[in-house]
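Asker: Got a file for you: input.pdb, PDB, C-alpha atoms and all ligand atoms.
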ATOM      1  CA  MET A1446     111.607  26.463 -30.248
ATOM      2  CA  VAL A1447     110.299  26.340 -26.724
ATOM      3  CA  GLY A1448     109.469  22.874 -25.439
ATOM      4  CA  ASP A1449     105.946  21.941 -24.459
ATOM      5  CA  ILE A1450     105.059  22.234 -20.814
ATOM      6  CA  GLU A1451     101.931  21.338 -18.958
ATOM      7  CA  ARG A1452     100.802  23.344 -15.964
ATOM      8  CA  ILE A1453      98.429  21.586 -13.652
ATOM      9  CA  ASP A1454      96.732  23.026 -10.597
ATOM     10  CA  LEU A1455      96.149  20.234  -8.110
ATOM     11  CA  GLY A1456      94.582  22.316  -5.349
ATOM     12  CA  GLU A1457      95.123  21.056  -1.803
ATOM     13  CA  VAL A1458      96.695  17.622  -1.582
ATOM     14  CA  PRO A1459      97.838  15.745   1.554
ATOM     15  CA  TYR A1460     101.602  16.001   1.895
ATOM     16  CA  GLY A1461     102.315  12.296   1.607
ATOM     17  CA  GLU A1462     100.177  11.984  -1.490
ATOM     18  CA  ALA A1463     101.865  15.009  -3.049
ATOM     19  CA  VAL A1464     105.329  13.531  -2.478
ATOM     20  CA  GLY A1465     104.157  10.207  -3.859
ATOM     21  CA  ARG A1466     102.750  11.818  -6.975
ATOM     22  CA  MET A1467     105.859  13.871  -7.612
ATOM     23  CA  THR A1468     108.076  10.835  -7.161
ATOM     24  CA  GLY A1469     106.006   8.941  -9.680
ATOM     25  CA  ARG A1470     106.121  11.841 -12.141
ATOM     26  CA  VAL A1471     109.901  12.000 -11.974
ATOM     27  CA  GLY A1472     110.065   8.403 -13.144
ATOM     28  CA  GLN A1473     107.525   9.013 -15.890
ATOM     29  CA  ARG A1474     109.382  12.112 -17.090
ATOM     30  CA  ARG A1475     112.715  10.269 -17.155
ATOM     31  CA  ALA A1476     111.044   7.592 -19.265
ATOM     32  CA  ASP A1477     109.747  10.401 -21.526
ATOM     33  CA  GLU A1478     106.161   9.338 -20.928
ATOM     34  CA  ILE A1479     104.973  12.820 -19.948
ATOM     35  CA  PRO A1480     106.007  16.341 -20.960
ATOM     36  CA  ASP A1481     107.646  18.830 -18.658
ATOM     37  CA  ARG A1482     105.071  19.607 -16.043
ATOM     38  CA  LEU A1483     104.630  22.420 -13.551
ATOM     39  CA  ALA A1484     102.382  21.204 -10.754
ATOM     40  CA  LEU A1485     100.938  23.777  -8.378
ATOM     41  CA  LEU A1486      99.556  22.555  -5.080
ATOM     42  CA  THR A1487      99.180  23.365  -1.441
ATOM     43  CA  HIS A1488      99.301  20.868   1.398
ATOM     44  CA  PRO A1489      98.193  21.084   5.024
ATOM     45  CA  PRO A1490     100.869  22.266   7.490
ATOM     46  CA  VAL A1491     103.497  19.601   7.992
ATOM     47  CA  ILE A1492     106.889  19.256   9.665
ATOM     48  CA  THR A1493     109.563  17.042   8.177
ATOM     49  CA  TYR A1494     112.829  16.075   9.822
ATOM     50  CA  SER A1495     115.608  13.658   9.106
ATOM     51  CA  ALA A1496     118.164  11.556  10.951
ATOM     52  CA  ARG A1497     120.427  14.596  11.022
ATOM     53  CA  THR A1498     117.873  16.813  12.747
ATOM     54  CA  PRO A1499     119.253  17.582  16.231
ATOM     55  CA  PRO A1500     117.096  15.939  18.914
ATOM     56  CA  GLY A1501     116.387  19.321  20.475
ATOM     57  CA  ALA A1502     114.779  20.504  17.262
ATOM     58  CA  LYS A1503     112.304  17.679  17.089
ATOM     59  CA  LEU A1504     108.632  18.177  17.545
ATOM     60  CA  ALA A1505     108.130  16.612  20.955
ATOM     61  CA  SER A1506     111.004  18.634  22.399
ATOM     62  CA  ILE A1507     109.725  21.981  21.319
ATOM     63  CA  GLY A1508     106.188  21.227  22.354
ATOM     64  CA  MET A1509     104.619  22.460  19.160
ATOM     65  CA  ARG A1510     101.145  21.551  18.171
ATOM     66  CA  ILE A1511     100.287  21.470  14.512
ATOM     67  CA  ARG A1512      97.342  20.688  12.404
ATOM     68  CA  GLY A1513      97.831  18.124   9.697
ATOM     69  CA  GLY A1514     100.197  15.242   9.469
ATOM     70  CA  VAL A1515     103.705  14.755  10.684
ATOM     71  CA  THR A1516     106.051  12.895   8.428
ATOM     72  CA  GLY A1517     109.603  11.746   8.531
ATOM     73  CA  SER A1518     111.663   9.641  10.888
ATOM     74  CA  GLY A1519     115.006   9.714   9.190
ATOM     75  CA  ASP A1520     113.421   8.654   5.930
ATOM     76  CA  THR A1521     111.569  11.246   3.944
ATOM     77  CA  GLY A1522     111.050   9.223   0.805
ATOM     78  CA  ASP A1523     110.306   5.561   0.875
ATOM     79  CA  SER A1524     107.608   5.541   3.518
ATOM     80  CA  VAL A1525     105.270   7.611   1.359
ATOM     81  CA  ARG A1526     106.317   6.577  -2.110
ATOM     82  CA  HIS A1527     103.911   4.716  -4.265
ATOM     83  CA  ARG A1528     104.371   3.833  -7.879
ATOM     84  CA  ASP A1529     101.747   5.126 -10.256
ATOM     85  CA  ASP A1530     102.466   2.992 -13.270
ATOM     86  CA  GLY A1531      98.828   2.592 -14.264
ATOM     87  CA  VAL A1532      97.477   3.634 -17.629
ATOM     88  CA  PRO A1533      95.868   7.044 -17.266
ATOM     89  CA  LEU A1534      92.262   7.437 -18.376
ATOM     90  CA  GLU A1535      93.320  10.042 -20.925
ATOM     91  CA  ARG A1536      95.168   7.353 -22.860
ATOM     92  CA  PHE A1537      91.792   5.870 -23.757
ATOM     93  CA  THR A1538      90.488   9.143 -25.197
ATOM     94  CA  GLY A1539      92.236   8.710 -28.545
ATOM     95  CA  ARG A1540      89.002   7.384 -30.003
ATOM     96  CA  VAL A1541      85.649   8.034 -28.352
ATOM     97  CA  LEU A1542      82.363   6.622 -29.605
ATOM     98  CA  VAL A1543      79.514   9.078 -28.999
ATOM     99  CA  VAL A1544      75.870   9.611 -29.847
ATOM    100  CA  CYS A1545      75.703  11.684 -33.037
ATOM    101  CA  PRO A1546      74.233  15.144 -32.342
ATOM    102  CA  ARG A1547      72.293  15.017 -35.610
ATOM    103  CA  CYS A1548      70.952  11.498 -36.145
ATOM    104  CA  GLY A1549      71.415   9.787 -32.768
ATOM    105  CA  GLY A1550      73.539   7.053 -34.324
ATOM    106  CA  ARG A1551      77.164   6.253 -33.530
ATOM    107  CA  ALA A1552      79.681   9.005 -34.241
ATOM    108  CA  VAL A1553      83.381   8.922 -33.463
ATOM    109  CA  VAL A1554      85.566  11.600 -31.861
ATOM    110  CA  VAL A1555      89.250  11.507 -32.786
ATOM    111  CA  PRO A1556      92.150  13.986 -32.920
ATOM    112  CA  ARG A1557      91.854  16.159 -36.027
ATOM    113  CA  PRO A1558      93.120  14.093 -38.955
ATOM    114  CA  GLY A1559      96.545  15.123 -40.215
ATOM    115  CA  LEU A1560      97.962  16.006 -36.810
ATOM    116  CA  PRO A1561     101.161  14.233 -35.823
ATOM    117  CA  ALA A1562     100.583  11.461 -33.298
ATOM    118  CA  PRO A1563     100.666  12.913 -29.786
ATOM    119  CA  ARG A1564     104.042  12.596 -28.164
ATOM    120  CA  TYR A1565     102.519  12.112 -24.740
ATOM    121  CA  ALA A1566      99.134  10.722 -23.750
ATOM    122  CA  THR A1567      98.420  13.927 -21.869
ATOM    123  CA  GLU A1568      98.423  15.799 -25.205
ATOM    124  CA  LEU A1569      95.217  13.963 -26.071
ATOM    125  CA  LEU A1570      93.467  16.343 -23.675
ATOM    126  CA  PHE A1571      94.483  19.413 -25.692
ATOM    127  CA  GLN A1572      94.699  18.397 -29.356
ATOM    128  CA  PRO A1573      92.031  19.674 -31.756
ATOM    129  CA  ARG A1574      89.275  17.122 -32.269
ATOM    130  CA  ARG A1575      86.856  16.100 -34.937
ATOM    131  CA  LEU A1576      83.496  14.443 -34.467
ATOM    132  CA  ALA A1577      82.321  12.537 -37.526
ATOM    133  CA  CYS A1578      79.246  10.395 -38.114
ATOM    134  CA  PRO A1579      79.576   7.866 -40.931
ATOM    135  CA  GLY A1580      75.828   7.367 -40.872
ATOM    136  CA  CYS A1581      74.517  10.879 -41.585
ATOM    137  CA  GLY A1582      77.710  12.719 -42.489
ATOM    138  CA  ALA A1583      77.626  15.122 -39.528
ATOM    139  CA  VAL A1584      81.016  16.682 -38.773
ATOM    140  CA  ALA A1585      82.006  18.981 -35.907
ATOM    141  CA  GLU A1586      85.314  20.500 -34.826
ATOM    142  CA  TRP A1587      86.611  21.220 -31.339
ATOM    143  CA  VAL A1588      89.626  23.231 -30.247
ATOM    144  CA  ALA A1589      90.823  23.772 -26.712
ATOM    145  CA  ALA A1590      90.032  27.102 -25.078
ATOM    146  CA  MET A1591      93.001  29.438 -24.558
ATOM    147  CA  ARG A1592      94.059  31.003 -21.269
ATOM    148  CA  ASP A1593      97.306  32.809 -20.581
ATOM    149  CA  ASN A1594      98.591  31.765 -24.004
ATOM    150  CA  ALA A1595      98.073  28.158 -23.075
ATOM    151  CA  LEU A1596      95.561  25.540 -24.083
ATOM    152  CA  VAL A1597      93.044  24.520 -21.435
ATOM    153  CA  GLY A1598      92.821  20.753 -21.161
ATOM    154  CA  VAL A1599      89.611  18.801 -20.880
ATOM    155  CA  ALA A1600      88.761  16.607 -17.904
ATOM    156  CA  PRO A1601      88.089  12.995 -18.878
ATOM    157  CA  GLY A1602      85.605  11.020 -16.823
ATOM    158  CA  GLY A1603      81.861  10.554 -16.627
ATOM    159  CA  THR A1604      79.456   9.455 -19.311
ATOM    160  CA  GLU A1605      80.084  12.274 -21.801
ATOM    161  CA  ASP A1606      82.966  12.640 -24.205
ATOM    162  CA  PRO A1607      85.264  15.277 -22.719
ATOM    163  CA  PHE A1608      85.408  17.425 -25.869
ATOM    164  CA  PHE A1609      81.963  17.853 -27.432
ATOM    165  CA  ARG A1610      80.105  16.772 -24.303
ATOM    166  CA  ARG A1611      78.052  14.227 -26.201
ATOM    167  CA  PRO A1612      76.698  11.166 -24.366
ATOM    168  CA  LEU A1613      78.970   8.161 -24.846
ATOM    169  CA  TRP A1614      77.682   5.521 -27.245
ATOM    170  CA  LEU A1615      78.985   2.737 -25.019
ATOM    171  CA  GLN A1616      76.713   2.906 -21.989
ATOM    172  CA  THR A1617      74.619   0.222 -20.375
ATOM    173  CA  ARG A1618      72.848  -0.291 -17.079
ATOM    174  CA  CYS A1619      74.668  -2.598 -14.717
ATOM    175  CA  VAL A1620      73.700  -3.465 -11.108
ATOM    176  CA  GLY A1621      71.910  -0.162 -10.666
ATOM    177  CA  HIS A1622      74.698   1.935 -12.191
ATOM    178  CA  ILE A1623      75.826   3.061 -15.620
ATOM    179  CA  LEU A1624      78.727   1.104 -17.082
ATOM    180  CA  TRP A1625      80.529   3.067 -19.797
ATOM    181  CA  ALA A1626      83.619   3.077 -21.957
ATOM    182  CA  TYR A1627      85.156   5.217 -24.675
ATOM    183  CA  ASP A1628      85.746   2.451 -27.206
ATOM    184  CA  GLU A1629      86.513  -1.262 -27.557
ATOM    185  CA  VAL A1630      90.102  -0.885 -26.357
ATOM    186  CA  HIS A1631      88.817   0.729 -23.190
ATOM    187  CA  VAL A1632      86.261  -2.077 -22.775
ATOM    188  CA  ASP A1633      89.050  -4.641 -23.052
ATOM    189  CA  ALA A1634      91.137  -2.830 -20.445
ATOM    190  CA  LEU A1635      88.194  -2.767 -18.044
ATOM    191  CA  ALA A1636      87.513  -6.446 -18.655
ATOM    192  CA  ALA A1637      91.151  -7.289 -18.002
ATOM    193  CA  TYR A1638      90.981  -5.472 -14.691
ATOM    194  CA  VAL A1639      87.666  -6.901 -13.546
ATOM    195  CA  GLY A1640      88.789 -10.400 -14.515
ATOM    196  CA  ALA A1641      92.367 -10.226 -13.218
ATOM    197  CA  ARG A1642      91.530  -8.818  -9.826
ATOM    198  CA  LEU A1643      90.013 -12.037  -8.679
ATOM    199  CA  ARG A1644      92.662 -14.348 -10.022
ATOM    200  CA  GLU A1645      95.365 -12.370  -8.279
ATOM    201  CA  ARG A1646      93.956 -10.589  -5.323
ATOM    202  CA  GLY A1647      96.002  -7.468  -4.746
ATOM    203  CA  GLY A1648      98.032  -8.140  -7.835
ATOM    204  CA  LEU A1649      97.165  -4.769  -9.279
ATOM    205  CA  SER A1650      98.094  -1.639  -7.423
ATOM    206  CA  PRO A1651      95.056   0.357  -6.271
ATOM    207  CA  THR A1652      96.893   3.499  -7.344
ATOM    208  CA  ARG A1653      96.824   2.622 -11.041
ATOM    209  CA  ALA A1654      95.350   5.655 -12.605
ATOM    210  CA  MET A1655      92.456   4.532 -14.783
ATOM    211  CA  VAL A1656      91.737   1.699 -12.429
ATOM    212  CA  ALA A1657      92.101   3.855  -9.328
ATOM    213  CA  ARG A1658      89.321   6.078 -10.585
ATOM    214  CA  LEU A1659      86.821   3.290 -11.021
ATOM    215  CA  PRO A1660      83.787   3.511  -8.754
ATOM    216  CA  ALA A1661      83.681   1.179  -5.765
ATOM    217  CA  TRP A1662      80.928  -0.988  -7.237
ATOM    218  CA  MET A1663      83.276  -1.919 -10.078
ATOM    219  CA  LYS A1664      86.158  -2.711  -7.756
ATOM    220  CA  THR A1665      84.426  -5.190  -5.514
ATOM    221  CA  SER A1666      84.340  -8.806  -6.572
ATOM    222  CA  GLU A1667      80.641  -8.950  -5.721
ATOM    223  CA  HIS A1668      79.420  -7.914  -9.159
ATOM    224  CA  ARG A1669      82.131  -9.500 -11.261
ATOM    225  CA  ALA A1670      79.794 -11.611 -13.412
ATOM    226  CA  GLU A1671      77.359  -8.757 -14.008
ATOM    227  CA  ILE A1672      80.131  -6.337 -14.924
ATOM    228  CA  LEU A1673      81.744  -8.763 -17.349
ATOM    229  CA  ALA A1674      78.318  -9.306 -18.929
ATOM    230  CA  GLY A1675      77.833  -5.541 -19.112
ATOM    231  CA  LEU A1676      81.193  -5.144 -20.816
ATOM    232  CA  GLN A1677      80.101  -7.772 -23.315
ATOM    233  CA  THR A1678      76.990  -5.679 -23.955
ATOM    234  CA  LEU A1679      79.251  -2.688 -24.627
ATOM    235  CA  ARG A1680      81.258  -4.748 -27.129
ATOM    236  CA  GLY A1681      78.036  -5.547 -28.941
ATOM    237  CA  LEU A1682      77.025  -1.873 -28.978
ATOM    238  CA  ALA A1683      80.404  -0.920 -30.437
ATOM    239  CA  GLU A1684      79.649  -3.057 -33.488
ATOM    240  CA  ARG A1685      76.351  -1.312 -34.200
ATOM    241  CA  SER A1686      75.878   2.233 -35.385
ATOM    242  CA  ALA A1687      72.285   2.937 -36.426
ATOM    243  CA  PRO A1688      70.164   5.391 -34.409
ATOM    244  CA  ALA A1689      67.853   2.479 -33.539
ATOM    245  CA  ASP A1690      70.809   0.655 -31.962
ATOM    246  CA  ARG A1691      71.352   3.395 -29.396
ATOM    247  CA  SER A1692      71.417   2.032 -25.858
ATOM    248  CA  ASP A1693      68.600   3.295 -23.665
ATOM    249  CA  ALA A1694      71.352   4.277 -21.223
ATOM    250  CA  ALA A1695      73.202   6.430 -23.780
ATOM    251  CA  HIS A1696      71.797   9.725 -22.555
ATOM    252  CA  GLU A1697      72.975  12.540 -20.325
ATOM    253  CA  HIS A1698      73.425  11.637 -16.699
ATOM    254  CA  GLY A1699      74.763  14.905 -15.309
ATOM    255  CA  ASP A1700      77.983  13.341 -14.026
ATOM    256  CA  ARG A1701      80.551  15.713 -15.460
ATOM    257  CA  PRO A1702      83.916  15.536 -13.692
ATOM    258  CA  ARG A1703      85.356  18.589 -11.996
ATOM    259  CA  PRO A1704      87.468  20.735 -14.329
ATOM    260  CA  TYR A1705      90.971  19.352 -14.711
ATOM    261  CA  ARG A1706      92.593  22.786 -14.226
ATOM    262  CA  SER A1707      95.392  21.859 -16.528
ATOM    263  CA  LEU A1708      97.065  24.169 -19.042
ATOM    264  CA  TYR A1709      99.363  23.153 -21.848
ATOM    265  CA  PHE A1710     101.968  25.570 -23.147
ATOM    266  CA  ARG A1711     102.892  24.378 -26.589
ATOM    267  CA  GLY A1712     106.089  25.092 -28.471
ATOM    268  CA  GLY A1713     104.000  25.961 -31.541
ATOM    269  CA  PRO A1714     100.459  25.965 -32.887
ATOM    270  CA  TYR A1715      98.633  22.844 -33.930
TER     271      TYR A1715
HETATM  272 ZN    ZN A1801      74.744  11.046 -37.490
END
Mind converting the file's structure to structure tokens?
Answerer:
Amino acid sequence: MVGDIERIDLGEVPYGEAVGRMTGRVGQRRADEIPDRLALLTHPPVITYSARTPPGAKLASIGMRIRGGVTGSGDTGDSVRHRDDGVPLERFTGRVLVVCPRCGGRAVVVPRPGLPAPRYATELLFQPRRLACPGCGAVAEWVAAMRDNALVGVAPGGTEDPFFRRPLWLQTRCVGHILWAYDEVHVDALAAYVGARLRERGGLSPTRAMVARLPAWMKTSEHRAEILAGLQTLRGLAERSAPADRSDAAHEHGDRPRPYRSLYFRGGPY
């Protein structure tokens, strides 16, 4: 049986960032946190050299002009490495509370029941899904589109669930923006971040995945109290499920993320 492999098209990425990402992925793969992954990317023109590069071959000596960055000064690793040990947003997609397409109450989107637990969090973006509403009995199924014999992954982010594109149930207005979460676990993770940031300034790496993607207004300490109150509102919403309990913010906002451009070649069918 062929192993699973994910192919992801990253587009153009600055060289240093690309090296940093790859370095982080190597660690994650060794820890068996992610599947084998083929990452396709381009980076702007760049020249690298090491301590062993003869002086005559160095940039200044040959008078070359290039666009893009220059990297390397005898050390082509550590100066650009950054650890990406944050929890990815996809890890919070295991359970997504959404507005039911039939009754407007709270429905839940989960991987299709009976599937083995995903081996990697990234698999959550490809596994077949079921939407079910305990209130009215509505049920819907979702399967990933196929391309080149691979499953096309969804792109998490924004105020819709990534699979059925339903508005999230957990949405509330907060300092002129929409505060949202997939479920209570996600709310708790956001609260931990918003709270912890101020106790330990700089204690959390800005490159942490889910956290790194947060909008600027959530990262500044300015709105801490309002955001924590908003998260408390989301907790309250999570406990209610009737159509009348729907938040006035739980509607479409047209903030779909760009396609993830990720394919997943599975060893076998789901
Ligand atoms: Zn319903």
Asker: Output the neighbourhood of ligand ZN 1801 (chain A) as an MDAnalysis selection string, that is, all protein and nucleic acid residues with some atom at most 9 Å from the ligand, counting all atoms listed in the file.
Answerer: chainID A and resid 1544:1552 1577:1584 1687:1688
Asker: On this structure, the PyMOL selection byres (((chain A and resi 1671) around 12) and not hetatm) would catch which residues? List them as a VMD selection string, sorted by chain and number.
Answerer: chain A and resid 1617 to 1622 1624 1636 1639 to 1640 1662 to 1663 1665 to 1670 1672 to 1678
Asker: Could you check the closest approach to A:Arg1701 for each of A:Ala1657, A:Tyr1638, A:Asp1606, A:Leu1682 and tell me which residue wins, using only C-alpha atoms?
Answerer: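 Residue with the minimum atom-to-atom distance to A:Arg1701: A:Asp1606.
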Asker: So what does the PyMOL selection byres (((chain A and resi 1485) around 6) and not hetatm) actually pick up in this one, as a PDB file with C-alpha atoms, keeping the file's coordinate frame?
Answerer:
ATOM      1  CA  ASP A1454      96.732  23.026 -10.597  1.00  0.00           C
ATOM      2  CA  LEU A1455      96.149  20.234  -8.110  1.00  0.00           C
ATOM      3  CA  ALA A1484     102.382  21.204 -10.754  1.00  0.00           C
ATOM      4  CA  LEU A1486      99.556  22.555  -5.080  1.00  0.00           C
TER       5      LEU A1486
END
Asker: How many Å lie between atom CA of A:Ala1695 and atom CA of A:Gly1681, rounded to one decimal?
Answerer: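 If I compute the distance from atom CA of A:Ala1695 to atom CA of A:Gly1681, I get 13.9 Å.
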Asker: Pick out the closest residue to A:Val1464 from this set: A:Asp1477, A:Ala1637, A:His1488, A:Ile1450. Count all atoms listed in the file.
Answerer: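 Going through A:Asp1477, A:Ala1637, A:His1488, A:Ile1450 one by one, the smallest distance to A:Val1464 is for A:His1488.
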Asker: Decode the PyMOL selection byres (((chain A and resi 1572) around 9) and not hetatm) for the given file into explicit residues and return them as a list in words.
Answerer: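 Applying the expression gives Pro1556, Arg1557, Leu1560, Pro1563, Glu1568, Leu1569, Leu1570, Phe1571, Pro1573, Arg1574, Trp1587, Val1588, Ala1589, Leu1596, Gly1598 and Tyr1715 of chain A.
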Asker: Contacts of A:Phe1609 at 9 Å or less, counting all atoms listed in the file, minus same-chain residues fewer than 4 places along, as a list in words?
Answerer: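 Final neighbour list, sorted by chain and number: Val1554, Arg1574, Leu1576, Ala1585, Glu1586, Trp1587 and Glu1605 of chain A.
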Asker: Give me, as a PDB file with C-alpha atoms, keeping the file's coordinate frame, all polymer residues having an atom no more than 10 Å from A:Val1630, counting all atoms listed in the file and skipping those fewer than 6 positions away in the same chain.
Answerer:
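Writing done, so here's selection-v8.pdb:
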ATOM      1  CA  PHE A1537      91.792   5.870 -23.757  1.00  0.00           C
ATOM      2  CA  ARG A1540      89.002   7.384 -30.003  1.00  0.00           C
ATOM      3  CA  ALA A1636      87.513  -6.446 -18.655  1.00  0.00           C
ATOM      4  CA  ARG A1680      81.258  -4.748 -27.129  1.00  0.00           C
TER       5      ARG A1680
END
Asker: How far is it from atom CA of A:Gly1712 to atom CA of A:Asp1481, in Å with one decimal?
Answerer: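 The value is 11.7 Å.
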